Number of protein chains: 2
Amino acid sequence: MNNITSNHYNLDKCNNCPVRDLSFCNALDNGALEEFSALSKTKSFQDGQLIFSEGKTNEYLGSVILGIVKIYKLLDDGRQQIVSLGFPGDMLGNIIDSEYNYFAESVGDTKICFYQVARINNFAESNPAIYRSILGKTTEQLGHAREWLLLLGRKTAQEKIASFLLLLAEHHKGDSPNQAFKIPLKRQEIADFLGLTIETVSRHFSNLKSKQLIREYAGHMLTIVDYDQLKSLA
Amino acid sequence: MNNITSNHYNLDKCNNCPVRDLSFCNALDNGALEEFSALSKTKSFQDGQLIFSEGKTNEYLGSVILGIVKIYKLLDDGRQQIVSLGFPGDMLGNIIDSEYNYFAESVGDTKICFYQVARINNFAESNPAIYRSILGKTTEQLGHAREWLLLLGRKTAQEKIASFLLLLAEHHKGDSPNQAFKIPLKRQEIADFLGLTIETVSRHFSNLKSKQLIREYAGHMLTIVDYDQLKSLA
DNA sequence: GGGTGAAATTGACATAAATCAAATGGCGCA
DNA sequence: TGCGCCATTTGATTTATGTCAATTTCACCC
């Protein structure tokens, strides 16, 4: 995202952007909300498309509107760790640092709403609710990151897989408890999220299937058959 | 920290508290700083003393003044993961959540400055610099947490140990590059920070010593003999 | 100075997960 | 229908780290 206004990004202004209901600006009163939303622009990304890179100037703050974004870090030799999954309503990036510290990539097709960091900072000076809201989002992300530290540092592969499936299920809570949903990540991405290899992930999926705790069919549609027992493994 | 005002905590007001130079309130102008600092109280803790617990009401925001605080999470069976080390100047807790999500414990003797969350929130409404400053601290902690996700998920035991030693060395940067310093954590705590067992930690310390990359003496005083080579292992 | 107990080290062995390698499955497309 | 390309699964084997069990070190204190 070197230059968000360059025409190949196909931006369109989103005066009535869903971000209002989803995102960090929902703390504003109506007048301020109008003004703030006018600063935003949405953009669509395809599966695997790079959204921003470590080291690049932190010019835009994003808000995921549709789809999932993976935030990851790399070691020199290519080892990868996904440090966060951005679901709709989640904030992307921050308004503090001068550079991005991570890579962000679209998982499946996504839609993201962007705000200029400079303008947000400017706007927030006279609207503490913006700071407060962004602080809330950041604190939430810190909580998730620390939950994942516990998972990566202390859980077994089976526990990791179970926790991951329950995390996904959380994002379908509106549906019935055992509602089927599509696993949005490839096996390699799951491995990079859980600090495992693709083979270990695959083996434990097979394991859970043979134990009849989950069912998978038709291109990674998943049903959690026994939610409670899966939870006891996490 | 059930009740910070109970007398056994031995609180004393810190009108001229070092937190001013170290902490999240240094963004304020002098007038506001006076007012804000007056809300703080310092307290001392001994090695191993519990500072706050998961599930307790989030009544106080802390700022580490002296010593080191470990923030950790537990699994039901007692497995522990340290998710953050709080060094002087670091913020402890947050002003968003209604409950603490972690355990905090003193590593060695510490001194911590506390503010009432309710009063900070109140004060910040008319002082966006406070929100901004706390947001900066939180964003920084998120960055550290994600760096550690990479370490826990993808680094080998040797790389973890090397990274840990370099982290400690970072906090002695004022000194000469190869300045000796005391390792503040016990082996078990290092293990809980790195997602390893105590035996693995010990073995890799022995390893680094036999390779002459580090020296340890007189009660865990440490010298990094070959900084560059240690860095290449991290 | 010798005794005590916690912390750290070391050794022998077990095992979960990684690695290497092959087979299978699924999907778009000619 | 069948080819080609990935993604996934499965199998065989290795290895890093965990586990269990002594032993050693060291700080502290009488």
# chains A, B, ... in the order shown; residues from 1 in each chain; ligands from 1
call {"tool": "residues_around", "arguments": {"residues": "DT9 (chain D)", "least_positions_apart": "2", "cutoff": "10 Å", "atoms": "only C-alpha atoms (C1' of nucleotides)", "output": "PyMOL selection string"}}
result
(chain A and resi 199+202-203+206) or (chain C and resi 23-25) or (chain D and resi 7+11)
call {"tool": "closest_atom_pairs", "arguments": {"of": "chain A", "to": "chain B", "cutoff": "10 Å", "atoms": "only C-alpha atoms", "output": "Markdown table"}}
result
| residue | atom | partner | partner_atom | distance |
| --- | --- | --- | --- | --- |
| A:Ile71 | CA | B:Arg146 | CA | 9.9 |
| A:Tyr72 | CA | B:Leu150 | CA | 8.7 |
| A:Lys73 | CA | B:Leu150 | CA | 6.8 |
| A:Leu74 | CA | B:Leu150 | CA | 7.9 |
| A:Leu75 | CA | B:Leu150 | CA | 8.2 |
| A:Arg79 | CA | B:Arg154 | CA | 6.7 |
| A:Gln80 | CA | B:Arg154 | CA | 7.2 |
| A:Gln81 | CA | B:Leu150 | CA | 5.4 |
| A:Ile82 | CA | B:Leu150 | CA | 7.9 |
| A:Val83 | CA | B:Arg146 | CA | 5.8 |
| A:Ser84 | CA | B:Arg146 | CA | 8.4 |
| A:Gly93 | CA | B:Thr139 | CA | 9.7 |
| A:Asn94 | CA | B:Thr139 | CA | 7.4 |
| A:Ile95 | CA | B:Gly136 | CA | 8.8 |
| A:Ile96 | CA | B:Gly136 | CA | 6.2 |
| A:Asp97 | CA | B:Thr139 | CA | 8.3 |
| A:Asn101 | CA | B:Gly143 | CA | 7.8 |
| A:Tyr102 | CA | B:Arg146 | CA | 9.3 |
| A:Asn121 | CA | B:Arg132 | CA | 9.3 |
| A:Ala124 | CA | B:Pro128 | CA | 7.9 |
| A:Glu125 | CA | B:Pro128 | CA | 6.4 |
| A:Ser126 | CA | B:Pro128 | CA | 7.7 |
| A:Asn127 | CA | B:Pro128 | CA | 7.9 |
| A:Pro128 | CA | B:Pro128 | CA | 5.3 |
| A:Ala129 | CA | B:Glu125 | CA | 8.0 |
| A:Ile130 | CA | B:Tyr131 | CA | 9.5 |
| A:Tyr131 | CA | B:Tyr131 | CA | 6.0 |
| A:Arg132 | CA | B:Tyr131 | CA | 6.4 |
| A:Ser133 | CA | B:Ile96 | CA | 9.7 |
| A:Ile134 | CA | B:Leu135 | CA | 7.8 |
| A:Leu135 | CA | B:Leu135 | CA | 5.4 |
| A:Gly136 | CA | B:Ile96 | CA | 6.2 |
| A:Lys137 | CA | B:Ile96 | CA | 9.6 |
| A:Thr138 | CA | B:Thr139 | CA | 6.6 |
| A:Thr139 | CA | B:Thr138 | CA | 6.6 |
| A:Glu140 | CA | B:Asp97 | CA | 8.7 |
| A:Gln141 | CA | B:Leu142 | CA | 7.3 |
| A:Leu142 | CA | B:Leu142 | CA | 5.2 |
| A:Gly143 | CA | B:Asn101 | CA | 7.8 |
| A:His144 | CA | B:Leu142 | CA | 9.7 |
| A:Ala145 | CA | B:Ala145 | CA | 6.3 |
| A:Arg146 | CA | B:Val83 | CA | 5.8 |
| A:Glu147 | CA | B:Lys73 | CA | 8.0 |
| A:Trp148 | CA | B:Leu149 | CA | 7.4 |
| A:Leu149 | CA | B:Leu149 | CA | 5.8 |
| A:Leu150 | CA | B:Gln81 | CA | 5.4 |
| A:Leu151 | CA | B:Gln81 | CA | 8.8 |
| A:Leu152 | CA | B:Gly153 | CA | 5.6 |
| A:Gly153 | CA | B:Gly195 | CA | 4.2 |
| A:Arg154 | CA | B:Gly195 | CA | 6.0 |
| A:Lys155 | CA | B:Arg79 | CA | 8.7 |
| A:Ala191 | CA | B:Gly153 | CA | 9.7 |
| A:Asp192 | CA | B:Gly153 | CA | 8.0 |
| A:Phe193 | CA | B:Gly153 | CA | 8.1 |
| A:Leu194 | CA | B:Gly153 | CA | 6.9 |
| A:Gly195 | CA | B:Gly153 | CA | 4.1 |
| A:Leu196 | CA | B:Gly153 | CA | 7.5 |
call {"tool": "write_last_selection", "arguments": {"atoms": "C-alpha atoms", "output": "PDB file, in the first residue's frame"}}
result
ATOM      1  CA  ILE A  71      -1.163 -10.061  10.090  1.00  0.00           C
ATOM      2  CA  TYR A  72       2.157 -11.837  10.173  1.00  0.00           C
ATOM      3  CA  LYS A  73       5.844 -11.536  10.896  1.00  0.00           C
ATOM      4  CA  LEU A  74       8.754 -13.229   9.153  1.00  0.00           C
ATOM      5  CA  LEU A  75      12.173 -14.464  10.216  1.00  0.00           C
ATOM      6  CA  ARG A  79       9.677 -18.897   8.940  1.00  0.00           C
ATOM      7  CA  GLN A  80       6.358 -17.175   9.351  1.00  0.00           C
ATOM      8  CA  GLN A  81       4.119 -16.480  12.313  1.00  0.00           C
ATOM      9  CA  ILE A  82       0.613 -15.089  11.970  1.00  0.00           C
ATOM     10  CA  VAL A  83       0.222 -12.730  14.928  1.00  0.00           C
ATOM     11  CA  SER A  84      -3.388 -11.738  14.381  1.00  0.00           C
ATOM     12  CA  GLY A  93      -2.577  -1.009  11.997  1.00  0.00           C
ATOM     13  CA  ASN A  94      -2.184   1.804  14.488  1.00  0.00           C
ATOM     14  CA  ILE A  95      -1.930   5.591  14.619  1.00  0.00           C
ATOM     15  CA  ILE A  96       1.252   5.736  16.703  1.00  0.00           C
ATOM     16  CA  ASP A  97       4.133   4.146  14.830  1.00  0.00           C
ATOM     17  CA  ASN A 101       5.726  -3.486  11.816  1.00  0.00           C
ATOM     18  CA  TYR A 102       3.948  -6.367  10.135  1.00  0.00           C
ATOM     19  CA  ASN A 121      -4.574  12.145  14.731  1.00  0.00           C
ATOM     20  CA  ALA A 124      -8.711  13.086  17.580  1.00  0.00           C
ATOM     21  CA  GLU A 125      -7.022  16.089  19.188  1.00  0.00           C
ATOM     22  CA  SER A 126     -10.438  17.669  19.545  1.00  0.00           C
ATOM     23  CA  ASN A 127     -12.399  14.398  19.763  1.00  0.00           C
ATOM     24  CA  PRO A 128     -11.079  12.329  22.687  1.00  0.00           C
ATOM     25  CA  ALA A 129     -13.750   9.725  21.864  1.00  0.00           C
ATOM     26  CA  ILE A 130     -11.647   8.748  18.860  1.00  0.00           C
ATOM     27  CA  TYR A 131      -8.582   8.155  20.986  1.00  0.00           C
ATOM     28  CA  ARG A 132     -10.698   6.317  23.500  1.00  0.00           C
ATOM     29  CA  SER A 133     -12.198   4.094  20.838  1.00  0.00           C
ATOM     30  CA  ILE A 134      -8.860   3.294  19.222  1.00  0.00           C
ATOM     31  CA  LEU A 135      -7.428   2.612  22.664  1.00  0.00           C
ATOM     32  CA  GLY A 136     -10.271   0.175  23.246  1.00  0.00           C
ATOM     33  CA  LYS A 137      -9.523  -1.646  19.986  1.00  0.00           C
ATOM     34  CA  THR A 138      -5.819  -1.743  20.771  1.00  0.00           C
ATOM     35  CA  THR A 139      -6.378  -3.031  24.304  1.00  0.00           C
ATOM     36  CA  GLU A 140      -8.606  -5.730  22.876  1.00  0.00           C
ATOM     37  CA  GLN A 141      -5.914  -6.755  20.399  1.00  0.00           C
ATOM     38  CA  LEU A 142      -3.363  -6.855  23.181  1.00  0.00           C
ATOM     39  CA  GLY A 143      -5.667  -9.206  25.068  1.00  0.00           C
ATOM     40  CA  HIS A 144      -5.967 -11.490  22.060  1.00  0.00           C
ATOM     41  CA  ALA A 145      -2.219 -11.434  21.464  1.00  0.00           C
ATOM     42  CA  ARG A 146      -1.547 -12.439  25.074  1.00  0.00           C
ATOM     43  CA  GLU A 147      -4.123 -15.192  24.920  1.00  0.00           C
ATOM     44  CA  TRP A 148      -2.201 -16.486  21.908  1.00  0.00           C
ATOM     45  CA  LEU A 149       1.104 -16.258  23.782  1.00  0.00           C
ATOM     46  CA  LEU A 150      -0.345 -18.733  26.250  1.00  0.00           C
ATOM     47  CA  LEU A 151      -1.450 -20.952  23.386  1.00  0.00           C
ATOM     48  CA  LEU A 152       1.872 -20.862  21.542  1.00  0.00           C
ATOM     49  CA  GLY A 153       4.012 -21.197  24.638  1.00  0.00           C
ATOM     50  CA  ARG A 154       2.129 -23.778  26.629  1.00  0.00           C
ATOM     51  CA  LYS A 155      -0.528 -25.679  24.684  1.00  0.00           C
ATOM     52  CA  ALA A 191       0.052 -23.960  10.867  1.00  0.00           C
ATOM     53  CA  ASP A 192       1.569 -20.478  10.743  1.00  0.00           C
ATOM     54  CA  PHE A 193      -1.078 -19.245  13.163  1.00  0.00           C
ATOM     55  CA  LEU A 194      -0.554 -22.078  15.643  1.00  0.00           C
ATOM     56  CA  GLY A 195       3.214 -22.440  15.442  1.00  0.00           C
ATOM     57  CA  LEU A 196       3.009 -25.923  13.912  1.00  0.00           C
TER      58      LEU A 196
END
call {"tool": "closest_atom_pairs", "arguments": {"of": "chain C", "to": "chain A", "cutoff": "9 Å", "atoms": "only C-alpha atoms (C1' of nucleotides)", "output": "CSV"}}
result
residue,atom,partner,partner_atom,distance
C:DA16,C1',A:Thr156,CA,8.5
C:DA17,C1',A:Thr200,CA,7.0
C:DA18,C1',A:Thr197,CA,7.3
C:DG26,C1',A:Gly219,CA,8.5
call {"tool": "select_by_dssp", "arguments": {"residues": "region 114-222 of chain B", "states": "alpha helix (DSSP H)", "output": "ChimeraX atom specification"}}
result
/B:117-125,128-154,157-170,187-194,198-210
call {"tool": "interface_residues", "arguments": {"of": "chain D", "to": "chain B", "cutoff": "12 Å", "atoms": "only C-alpha atoms (C1' of nucleotides)", "output": "list in words"}}
result
DA16, DT17, DG18, DT19, DC20, DT25, DC26 and DA27 of chain D
call {"tool": "write_last_selection", "arguments": {"atoms": "C-alpha atoms (C1' of nucleotides)", "output": "compact mmCIF listing (two decimals), in the first residue's frame"}}
result
# COMPACT_ATOMS: atom_id res chain seq x y z
C1' DA D 16 14.50 -31.37 19.67
C1' DT D 17 12.51 -30.90 23.72
C1' DG D 18 10.10 -32.87 27.65
C1' DT D 19 10.13 -36.01 31.62
C1' DC D 20 12.00 -38.32 35.47
C1' DT D 25 25.92 -25.53 43.65
C1' DC D 26 25.10 -21.81 46.36
C1' DA D 27 23.04 -18.60 49.62
call {"tool": "closest_residue", "arguments": {"among": "A:Ser53, A:Asn207, A:Asn178, A:Ser44", "to": "Ala104 (chain A)", "atoms": "only C-alpha atoms"}}
result
A:Ser53
call {"tool": "atom_distance", "arguments": {"atom1": "CA of Leu166 (chain B)", "atom2": "CA of Ile112 (chain B)"}}
result
25.0 Å
call {"tool": "residues_around", "arguments": {"residues": "Leu233 (chain A)", "least_positions_apart": "2", "cutoff": "9 Å", "atoms": "only C-alpha atoms (C1' of nucleotides)", "output": "list of chain:residue names"}}
result
A:Gln158, A:Glu159, A:Lys160, A:Ala162, A:Ser163, A:Asp228, A:Gln229, A:Leu230, A:Lys231
call {"tool": "closest_residue", "arguments": {"among": "A:Ser232, A:Leu85, A:Met91, A:Ser210", "to": "Leu167 (chain A)", "atoms": "only C-alpha atoms"}}
result
A:Leu85
call {"tool": "residues_around", "arguments": {"residues": "region 1-4 of chain C", "least_positions_apart": "4", "cutoff": "9 Å", "atoms": "only C-alpha atoms (C1' of nucleotides)", "output": "compact mmCIF listing (two decimals) with C-alpha atoms (C1' of nucleotides), in the first residue's frame"}}
result
# COMPACT_ATOMS: atom_id res chain seq x y z
C1' DC D 28 21.85 -18.35 54.20
C1' DC D 29 22.14 -19.06 59.02
C1' DC D 30 23.25 -21.05 63.45
